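Below you'll find the structure, written out as structure tokens, and then a few comments.
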Amino acid sequence: MRLFAAVLPPPEQLDEIGHVVDRLHRLPGADGLRWTSRPGWHLTLAFMGEVDEELLPDLRVRLARAAHRTPSFPLRLHGGGHFGRRALWAGIAGDLDELRLLAERADAAARRAGVPMDEHRRYQAHLTVARARGDGADLHPFLDELGTFEGTRWEVGELALVRSNLPVSGVRGEQPRYEKVDGWPLGGPPEGAG
Ligand code: ATP
Ligand code: MG
């Protein structure tokens with residue numbers, strides 16, 4: 001199955017960015033973009049792609065450990081950005097060092113469990129809200145609106161393992177696009193305690 005590790009913002013923060021994205025939907029050119037939908041909004045930590053079922057038990061143990069080693073930390077959604085003419089995203093502020101460490105630990109967990117992981121690119125935390133079709137699009141009108149957005153902070157308390165279901169034979173809404181398959185609390189009591 002196609003898997004990735006992620007941070008899932010709580011409902012309140014999704015509401016906040018949801019209001020902004022509703023406004024973006026009404027801007028000229030919005031129909032030309034593919035908008036991601038709110039139930040699937042996430043911050044990717046480590047993308048694994050297709051993972052053999054037999055690797056799952058070890059992967060779970062290692063992700064649990066990665067979560068355990070990371071204390072909970074604050075984040076907020078903040079402004080926006082873009083990857084070229086391709087992707088429009090909400091940005092992230094807060095304890096980005098801890099977020100990056102969690103991403104590295106999730107990556108290492110997958111690698112050690114035997115998942116072939118891509119080489120590291122610089123980790124750029126983001127929440128993708130739209131993608132351009134075809135040759136790309138001018139995303140600046142949307143960035144003007146998104147750029148001033150400031151979300152309220154939340155405390156990241158969980159590392160999630162998410163399944164990505166690619167659309168089946170072009171039938172939209174046939175299945176959930178992203179499904180959380182497991183989650184592990186950050187921090188927690190010291191190992192071996194009790
Ligand atoms: P679609 O591929 O249909 O446009 P998607 O990119 O959201 O949708 P996936 O390709 O399954 O769905 O990716 C799941 C998550 O992992 C997304 O947040 C995506 O941006 C991220 N991702 C996908 N491929 C990579 C990659 N090679 N490196 C880093 N992150 C990736
Ligand atoms: Mg993709």
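We name chains A, B, ... following the order of the structure tokens; residues begin at 1 in each chain, and ligands are numbered from 1 as shown.
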Spatial neighbours of Glu54 of chain A, 12 Å, only C-alpha atoms, chain gap at least 4 places, as a tab-separated table (two decimals) with N, CA, C and O atoms, in the first residue's frame:
```tsv
chain	number	residue	atom	x	y	z
A	1	MET	N	0.84	-1.20	0.00
A	1	MET	CA	0.00	0.00	0.00
A	1	MET	C	0.88	1.25	0.00
A	1	MET	O	2.02	1.21	0.43
A	50	GLU	N	4.94	2.94	-2.20
A	50	GLU	CA	4.43	1.56	-2.08
A	50	GLU	C	5.27	0.80	-1.05
A	50	GLU	O	6.49	0.71	-1.17
A	58	ASP	N	7.46	-4.25	11.47
A	58	ASP	CA	8.70	-3.59	11.88
A	58	ASP	C	8.59	-2.07	11.70
A	58	ASP	O	9.05	-1.30	12.55
A	59	LEU	N	7.97	-1.66	10.61
A	59	LEU	CA	7.78	-0.22	10.37
A	59	LEU	C	7.01	0.42	11.53
A	59	LEU	O	7.36	1.49	12.03
A	60	ARG	N	5.96	-0.27	11.97
A	60	ARG	CA	5.14	0.26	13.07
A	60	ARG	C	5.95	0.42	14.35
A	60	ARG	O	5.87	1.45	15.03
A	113	ALA	N	13.38	-0.04	8.34
A	113	ALA	CA	12.41	-1.13	8.21
A	113	ALA	C	12.49	-1.75	6.81
A	113	ALA	O	11.79	-2.72	6.51
A	114	GLY	N	13.32	-1.17	5.95
A	114	GLY	CA	13.51	-1.77	4.62
A	114	GLY	C	12.76	-1.08	3.51
A	114	GLY	O	12.72	-1.57	2.38
A	115	VAL	N	12.16	0.08	3.81
A	115	VAL	CA	11.45	0.83	2.76
A	115	VAL	C	12.50	1.63	1.98
A	115	VAL	O	13.28	2.36	2.58
```
Report as CSV the residues of chain A within 10 Å of ligand 2, each with its shortest atom pair and distance in Å (one decimal), using only C-alpha atoms and all ligand atoms, ordered by chain and increasing residue number.
```
residue,atom,partner,partner_atom_place_in_ligand_line,distance
A:Phe47,CA,ligand 2,1 (Mg),9.5
A:Gly49,CA,ligand 2,1 (Mg),9.4
A:Arg131,CA,ligand 2,1 (Mg),9.8
A:Ser164,CA,ligand 2,1 (Mg),9.2
A:Leu166,CA,ligand 2,1 (Mg),9.0
```
Quiz item: Could you list, as number ranges by chain, all the residues within 9 Å of ligand 1, counting only C-alpha atoms and all ligand atoms?
Solution: A: 2-6, 34, 36, 40-49, 87, 117-118, 120-121, 123, 126-128, 131, 162-167, 177-178
Quiz prompt | Best match for closeness to His140 of chain A among A:Pro10, A:Pro74, A:Pro116, A:Gly81, counting only C-alpha atoms | solution =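 Comparing A:Pro10, A:Pro74, A:Pro116, A:Gly81 against His140 of chain A, the winner is A:Gly81.
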Practice problem: Find the residues near Leu14 of chain A: any atom within 12 Å, counting only C-alpha atoms, skip ones fewer than 4 places away on the same chain, and give them as a PyMOL selection string. | Solution: chain A and resi 8-10+18-22+37-43+76-77+90+127+129+151-154
Could you take the residues named above and write them with N, CA, C and O atoms, as a short mmCIF file (atom, residue, chain, number, x, y, z; two decimals), in the first residue's frame?
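Result went into result36.cif, see below:
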```
data_model
loop_
_atom_site.label_atom_id
_atom_site.label_comp_id
_atom_site.auth_asym_id
_atom_site.auth_seq_id
_atom_site.Cartn_x
_atom_site.Cartn_y
_atom_site.Cartn_z
N LEU A 8 -1.10 15.56 11.49
CA LEU A 8 -2.47 15.94 11.10
C LEU A 8 -2.94 17.07 12.01
O LEU A 8 -3.11 16.87 13.21
N PRO A 9 -3.14 18.27 11.48
CA PRO A 9 -3.61 19.38 12.32
C PRO A 9 -5.00 19.08 12.89
O PRO A 9 -5.80 18.40 12.24
N PRO A 10 -5.30 19.59 14.08
CA PRO A 10 -6.62 19.37 14.69
C PRO A 10 -7.72 20.13 13.95
O PRO A 10 -7.44 21.06 13.18
N GLY A 18 -9.42 26.38 6.37
CA GLY A 18 -10.57 26.11 5.49
C GLY A 18 -11.28 27.39 5.07
O GLY A 18 -11.68 27.53 3.92
N HIS A 19 -11.42 28.33 6.00
CA HIS A 19 -12.08 29.60 5.67
C HIS A 19 -11.29 30.36 4.61
O HIS A 19 -11.86 30.96 3.70
N VAL A 20 -9.98 30.34 4.75
CA VAL A 20 -9.13 31.04 3.77
C VAL A 20 -9.23 30.36 2.41
O VAL A 20 -9.38 31.01 1.37
N VAL A 21 -9.16 29.04 2.42
CA VAL A 21 -9.20 28.29 1.15
C VAL A 21 -10.56 28.48 0.46
O VAL A 21 -10.63 28.58 -0.76
N ASP A 22 -11.63 28.60 1.26
CA ASP A 22 -12.94 28.90 0.66
C ASP A 22 -12.88 30.20 -0.14
O ASP A 22 -13.46 30.31 -1.21
N SER A 37 -8.77 18.47 -0.61
CA SER A 37 -9.96 18.66 0.22
C SER A 37 -9.63 18.45 1.69
O SER A 37 -8.75 17.69 2.07
N ARG A 38 -10.33 19.16 2.48
CA ARG A 38 -10.05 19.32 3.89
C ARG A 38 -9.89 18.04 4.69
O ARG A 38 -9.01 17.98 5.55
N PRO A 39 -10.68 17.00 4.48
CA PRO A 39 -10.47 15.83 5.33
C PRO A 39 -9.06 15.23 5.19
O PRO A 39 -8.61 14.51 6.06
N GLY A 40 -8.40 15.52 4.10
CA GLY A 40 -7.08 14.94 3.89
C GLY A 40 -5.92 15.87 4.18
O GLY A 40 -4.77 15.51 3.96
N TRP A 41 -6.19 17.06 4.69
CA TRP A 41 -5.09 18.01 4.87
C TRP A 41 -4.08 17.50 5.89
O TRP A 41 -4.45 17.06 6.98
N HIS A 42 -2.82 17.56 5.51
CA HIS A 42 -1.76 16.98 6.33
C HIS A 42 -0.45 17.69 6.07
O HIS A 42 -0.28 18.36 5.06
N LEU A 43 0.50 17.48 6.98
CA LEU A 43 1.88 17.90 6.79
C LEU A 43 2.69 16.62 6.60
O LEU A 43 2.83 15.85 7.55
N ARG A 76 2.01 26.25 14.17
CA ARG A 76 0.81 26.94 13.66
C ARG A 76 0.94 27.06 12.16
O ARG A 76 2.04 27.01 11.61
N LEU A 77 -0.19 27.19 11.51
CA LEU A 77 -0.18 27.45 10.07
C LEU A 77 0.08 28.93 9.89
O LEU A 77 -0.43 29.77 10.65
N ALA A 90 -0.03 26.16 2.31
CA ALA A 90 0.02 26.96 3.54
C ALA A 90 1.33 26.64 4.24
O ALA A 90 1.75 25.47 4.29
N LEU A 127 1.52 22.55 3.91
CA LEU A 127 0.23 21.87 3.78
C LEU A 127 -0.31 22.24 2.39
O LEU A 127 -0.67 23.39 2.14
N VAL A 129 -2.53 22.96 -0.58
CA VAL A 129 -3.96 23.27 -0.74
C VAL A 129 -4.41 23.17 -2.19
O VAL A 129 -5.60 22.95 -2.47
N GLY A 151 -2.61 31.22 11.50
CA GLY A 151 -3.44 30.30 12.28
C GLY A 151 -3.07 30.34 13.75
O GLY A 151 -2.03 30.89 14.12
N THR A 152 -3.93 29.77 14.57
CA THR A 152 -3.61 29.67 16.00
C THR A 152 -2.74 28.43 16.23
O THR A 152 -2.76 27.48 15.46
N ARG A 153 -1.97 28.47 17.32
CA ARG A 153 -1.04 27.37 17.52
C ARG A 153 -1.73 26.15 18.12
O ARG A 153 -2.76 26.26 18.78
N TRP A 154 -1.16 25.03 17.86
CA TRP A 154 -1.58 23.79 18.51
C TRP A 154 -0.35 23.01 18.91
O TRP A 154 0.75 23.31 18.46
#
```
Quiz prompt | Nearest to Thr148 of chain A by atom-to-atom distance, counting only C-alpha atoms, from A:Arg69, A:Arg26, A:His78, A:Arg62 | solution = A:His78
Quiz prompt | Long-range neighbours of Gly134 of chain A as a list in words, 10 Å cut-off, only C-alpha atoms, 4 positions minimum in chain | solution = Gly32, Leu33 and Arg86 of chain A
Residues just named, written with all heavy atoms as a JSON list (two decimals), in the first residue's frame:
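Now in result-v6.json:
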```json
[["chain", "number", "residue", "atom", "x", "y", "z"],
["A", 32, "GLY", "N", -9.07, 26.38, -12.58],
["A", 32, "GLY", "CA", -7.98, 25.71, -13.29],
["A", 32, "GLY", "C", -7.07, 24.90, -12.39],
["A", 32, "GLY", "O", -6.18, 24.20, -12.87],
["A", 33, "LEU", "N", -7.26, 25.00, -11.07],
["A", 33, "LEU", "CA", -6.41, 24.25, -10.13],
["A", 33, "LEU", "C", -7.15, 23.04, -9.59],
["A", 33, "LEU", "O", -8.37, 22.99, -9.58],
["A", 33, "LEU", "CB", -5.98, 25.16, -8.97],
["A", 33, "LEU", "CG", -5.24, 26.44, -9.34],
["A", 33, "LEU", "CD1", -4.92, 27.25, -8.08],
["A", 33, "LEU", "CD2", -3.96, 26.13, -10.11],
["A", 86, "ARG", "N", 3.54, 24.76, -9.72],
["A", 86, "ARG", "CA", 2.87, 23.47, -9.57],
["A", 86, "ARG", "C", 1.98, 23.36, -8.34],
["A", 86, "ARG", "O", 0.88, 22.83, -8.41],
["A", 86, "ARG", "CB", 3.92, 22.36, -9.51],
["A", 86, "ARG", "CG", 4.79, 22.26, -10.74],
["A", 86, "ARG", "CD", 4.76, 20.88, -11.32],
["A", 86, "ARG", "NE", 3.38, 20.42, -11.47],
["A", 86, "ARG", "CZ", 2.67, 20.54, -12.59],
["A", 86, "ARG", "NH1", 3.19, 21.10, -13.66],
["A", 86, "ARG", "NH2", 1.43, 20.10, -12.64]]
```
Taking the DSSP secondary structure from the backbone, can you list the residues of segment 5-83 of chain A that are strand (DSSP E or B), as a compact mmCIF listing (two decimals) with N, CA and C atoms, in the first residue's frame?
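After the write, result_25.txt holds the following:
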```txt
# COMPACT_ATOMS: atom_id res chain seq x y z
N ALA A 5 4.25 9.19 6.37
CA ALA A 5 4.12 9.63 7.77
C ALA A 5 3.78 11.11 7.75
N ALA A 6 2.92 11.52 8.68
CA ALA A 6 2.43 12.89 8.64
C ALA A 6 2.06 13.41 10.02
N VAL A 7 1.95 14.73 10.09
CA VAL A 7 1.31 15.41 11.22
C VAL A 7 -0.06 15.85 10.72
N LEU A 33 -7.26 25.00 -11.07
CA LEU A 33 -6.41 24.25 -10.13
C LEU A 33 -7.15 23.04 -9.59
N ARG A 34 -6.38 22.05 -9.12
CA ARG A 34 -6.96 20.90 -8.41
C ARG A 34 -6.81 21.19 -6.93
N TRP A 35 -7.93 21.44 -6.25
CA TRP A 35 -7.90 21.80 -4.83
C TRP A 35 -7.90 20.54 -3.99
N LEU A 43 0.50 17.48 6.98
CA LEU A 43 1.88 17.90 6.79
C LEU A 43 2.69 16.62 6.60
N THR A 44 3.16 16.39 5.39
CA THR A 44 3.95 15.18 5.15
C THR A 44 5.27 15.26 5.90
N LEU A 45 5.60 14.19 6.63
CA LEU A 45 6.90 14.10 7.29
C LEU A 45 7.87 13.28 6.45
N ALA A 46 7.38 12.14 5.96
CA ALA A 46 8.24 11.25 5.16
C ALA A 46 7.35 10.45 4.22
N PHE A 47 7.62 10.57 2.94
CA PHE A 47 6.84 9.86 1.94
C PHE A 47 7.51 8.52 1.63
N MET A 48 6.77 7.44 1.79
CA MET A 48 7.35 6.09 1.60
C MET A 48 6.97 5.47 0.28
N GLY A 49 5.83 5.86 -0.26
CA GLY A 49 5.36 5.21 -1.49
C GLY A 49 4.88 3.80 -1.20
N GLU A 50 4.94 2.94 -2.20
CA GLU A 50 4.43 1.56 -2.08
C GLU A 50 5.27 0.80 -1.05
N PHE A 73 5.38 19.34 20.59
CA PHE A 73 5.90 20.68 20.28
C PHE A 73 4.82 21.50 19.59
N PRO A 74 4.93 22.85 19.67
CA PRO A 74 3.90 23.70 19.09
C PRO A 74 4.16 24.03 17.62
N LEU A 75 3.09 24.10 16.86
CA LEU A 75 3.13 24.57 15.46
C LEU A 75 1.93 25.48 15.23
N ARG A 76 2.01 26.25 14.17
CA ARG A 76 0.81 26.94 13.66
C ARG A 76 0.94 27.06 12.16
N LEU A 77 -0.19 27.19 11.51
CA LEU A 77 -0.18 27.45 10.07
C LEU A 77 0.08 28.93 9.89
N HIS A 78 0.90 29.27 8.91
CA HIS A 78 1.41 30.63 8.82
C HIS A 78 1.74 30.95 7.36
N GLY A 79 0.99 31.90 6.79
CA GLY A 79 1.30 32.35 5.43
C GLY A 79 1.17 31.25 4.40
N GLY A 80 1.82 31.47 3.28
CA GLY A 80 1.73 30.48 2.21
C GLY A 80 2.96 30.52 1.34
N GLY A 81 3.03 29.58 0.43
CA GLY A 81 4.16 29.52 -0.49
C GLY A 81 3.78 28.66 -1.68
N HIS A 82 4.76 28.43 -2.55
CA HIS A 82 4.48 27.63 -3.73
C HIS A 82 5.73 26.88 -4.16
N PHE A 83 5.53 25.75 -4.82
CA PHE A 83 6.60 25.04 -5.49
C PHE A 83 6.45 25.38 -6.97
```
Self-check item: Those in chain A with alpha helix (DSSP H) from DSSP, as a ChimeraX atom specification
Solution: /A:11-25,56-68,96-112,140-146
Please produce a file of the residues just selected, as a compact mmCIF listing (two decimals), in the first residue's frame, where the atoms kept are N, CA and C atoms.
```
# COMPACT_ATOMS: atom_id res chain seq x y z
N PRO A 11 -8.99 19.75 14.21
CA PRO A 11 -10.14 20.35 13.51
C PRO A 11 -10.18 21.87 13.56
N GLU A 12 -9.86 22.47 14.71
CA GLU A 12 -9.94 23.92 14.83
C GLU A 12 -9.00 24.61 13.83
N GLN A 13 -7.79 24.08 13.72
CA GLN A 13 -6.82 24.67 12.79
C GLN A 13 -7.22 24.40 11.33
N LEU A 14 -7.84 23.26 11.10
CA LEU A 14 -8.33 22.97 9.75
C LEU A 14 -9.47 23.91 9.37
N ASP A 15 -10.31 24.24 10.37
CA ASP A 15 -11.38 25.22 10.13
C ASP A 15 -10.80 26.56 9.69
N GLU A 16 -9.77 26.98 10.41
CA GLU A 16 -9.17 28.29 10.12
C GLU A 16 -8.64 28.36 8.69
N ILE A 17 -7.86 27.39 8.31
CA ILE A 17 -7.30 27.41 6.96
C ILE A 17 -8.42 27.14 5.94
N GLY A 18 -9.42 26.38 6.37
CA GLY A 18 -10.57 26.11 5.49
C GLY A 18 -11.28 27.39 5.07
N HIS A 19 -11.42 28.33 6.00
CA HIS A 19 -12.08 29.60 5.67
C HIS A 19 -11.29 30.36 4.61
N VAL A 20 -9.98 30.34 4.75
CA VAL A 20 -9.13 31.04 3.77
C VAL A 20 -9.23 30.36 2.41
N VAL A 21 -9.16 29.04 2.42
CA VAL A 21 -9.20 28.29 1.15
C VAL A 21 -10.56 28.48 0.46
N ASP A 22 -11.63 28.60 1.26
CA ASP A 22 -12.94 28.90 0.66
C ASP A 22 -12.88 30.20 -0.14
N ARG A 23 -12.16 31.19 0.40
CA ARG A 23 -12.03 32.46 -0.32
C ARG A 23 -11.18 32.30 -1.58
N LEU A 24 -10.14 31.49 -1.48
CA LEU A 24 -9.28 31.25 -2.65
C LEU A 24 -10.07 30.61 -3.79
N HIS A 25 -10.98 29.73 -3.43
CA HIS A 25 -11.81 29.04 -4.43
C HIS A 25 -12.58 30.02 -5.31
N LEU A 56 5.39 -4.03 7.34
CA LEU A 56 4.56 -3.21 8.23
C LEU A 56 4.81 -3.40 9.73
N PRO A 57 4.91 -4.66 10.22
CA PRO A 57 5.10 -4.80 11.67
C PRO A 57 6.35 -4.07 12.17
N ASP A 58 7.46 -4.25 11.47
CA ASP A 58 8.70 -3.59 11.88
C ASP A 58 8.59 -2.07 11.70
N LEU A 59 7.97 -1.66 10.61
CA LEU A 59 7.78 -0.22 10.37
C LEU A 59 7.01 0.42 11.53
N ARG A 60 5.96 -0.27 11.97
CA ARG A 60 5.14 0.26 13.07
C ARG A 60 5.95 0.42 14.35
N VAL A 61 6.73 -0.61 14.67
CA VAL A 61 7.57 -0.56 15.89
C VAL A 61 8.52 0.62 15.81
N ARG A 62 9.12 0.81 14.64
CA ARG A 62 10.14 1.87 14.49
C ARG A 62 9.50 3.26 14.49
N LEU A 63 8.33 3.38 13.92
CA LEU A 63 7.65 4.69 13.96
C LEU A 63 7.20 5.02 15.38
N ALA A 64 6.75 4.00 16.11
CA ALA A 64 6.35 4.21 17.50
C ALA A 64 7.55 4.75 18.29
N ARG A 65 8.72 4.18 18.04
CA ARG A 65 9.94 4.60 18.72
C ARG A 65 10.32 6.04 18.33
N ALA A 66 10.18 6.34 17.04
CA ALA A 66 10.47 7.71 16.57
C ALA A 66 9.57 8.72 17.28
N ALA A 67 8.31 8.36 17.43
CA ALA A 67 7.36 9.25 18.11
C ALA A 67 7.75 9.40 19.58
N HIS A 68 8.06 8.28 20.18
CA HIS A 68 8.41 8.26 21.60
C HIS A 68 9.60 9.17 21.91
N LEU A 96 9.95 24.51 14.36
CA LEU A 96 10.31 23.82 13.10
C LEU A 96 11.50 22.89 13.28
N ASP A 97 12.36 23.18 14.26
CA ASP A 97 13.49 22.28 14.50
C ASP A 97 13.00 20.92 14.95
N GLU A 98 12.03 20.94 15.86
CA GLU A 98 11.49 19.66 16.36
C GLU A 98 10.71 18.94 15.25
N LEU A 99 10.02 19.71 14.42
CA LEU A 99 9.29 19.12 13.30
C LEU A 99 10.26 18.44 12.33
N ARG A 100 11.37 19.12 12.05
CA ARG A 100 12.36 18.55 11.15
C ARG A 100 12.97 17.28 11.75
N LEU A 101 13.22 17.30 13.06
CA LEU A 101 13.75 16.10 13.73
C LEU A 101 12.77 14.94 13.61
N LEU A 102 11.49 15.24 13.79
CA LEU A 102 10.48 14.19 13.69
C LEU A 102 10.44 13.63 12.26
N ALA A 103 10.57 14.52 11.28
CA ALA A 103 10.59 14.08 9.88
C ALA A 103 11.80 13.19 9.62
N GLU A 104 12.94 13.57 10.15
CA GLU A 104 14.16 12.77 9.96
C GLU A 104 14.04 11.41 10.65
N ARG A 105 13.41 11.42 11.84
CA ARG A 105 13.24 10.15 12.56
C ARG A 105 12.26 9.23 11.82
N ALA A 106 11.23 9.81 11.26
CA ALA A 106 10.26 8.99 10.51
C ALA A 106 10.93 8.43 9.25
N ASP A 107 11.73 9.24 8.61
CA ASP A 107 12.47 8.80 7.42
C ASP A 107 13.41 7.65 7.77
N ALA A 108 14.14 7.82 8.87
CA ALA A 108 15.10 6.79 9.30
C ALA A 108 14.36 5.52 9.69
N ALA A 109 13.21 5.65 10.34
CA ALA A 109 12.42 4.49 10.75
C ALA A 109 12.02 3.67 9.52
N ALA A 110 11.56 4.36 8.48
CA ALA A 110 11.13 3.67 7.26
C ALA A 110 12.32 3.00 6.58
N ARG A 111 13.41 3.74 6.49
CA ARG A 111 14.63 3.21 5.86
C ARG A 111 15.10 1.94 6.57
N ARG A 112 15.12 1.99 7.90
CA ARG A 112 15.61 0.83 8.66
C ARG A 112 14.65 -0.34 8.60
N HIS A 140 0.46 33.38 -8.06
CA HIS A 140 0.62 34.59 -7.25
C HIS A 140 -0.68 35.22 -6.75
N PRO A 141 -1.75 35.24 -7.54
CA PRO A 141 -2.99 35.83 -7.01
C PRO A 141 -3.47 35.11 -5.74
N PHE A 142 -3.22 33.80 -5.68
CA PHE A 142 -3.64 33.03 -4.52
C PHE A 142 -2.70 33.26 -3.35
N LEU A 143 -1.41 33.46 -3.68
CA LEU A 143 -0.42 33.71 -2.62
C LEU A 143 -0.67 35.04 -1.92
N ASP A 144 -1.15 36.03 -2.69
CA ASP A 144 -1.44 37.32 -2.08
C ASP A 144 -2.43 37.16 -0.94
N GLU A 145 -3.42 36.33 -1.16
CA GLU A 145 -4.47 36.12 -0.16
C GLU A 145 -3.99 35.23 0.98
N LEU A 146 -3.27 34.18 0.61
CA LEU A 146 -2.81 33.19 1.60
C LEU A 146 -1.67 33.75 2.46
```
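A straight line drawn from atom CA of Asp52 of chain A to atom CA of Thr70 of chain A is 26.3 Å long.
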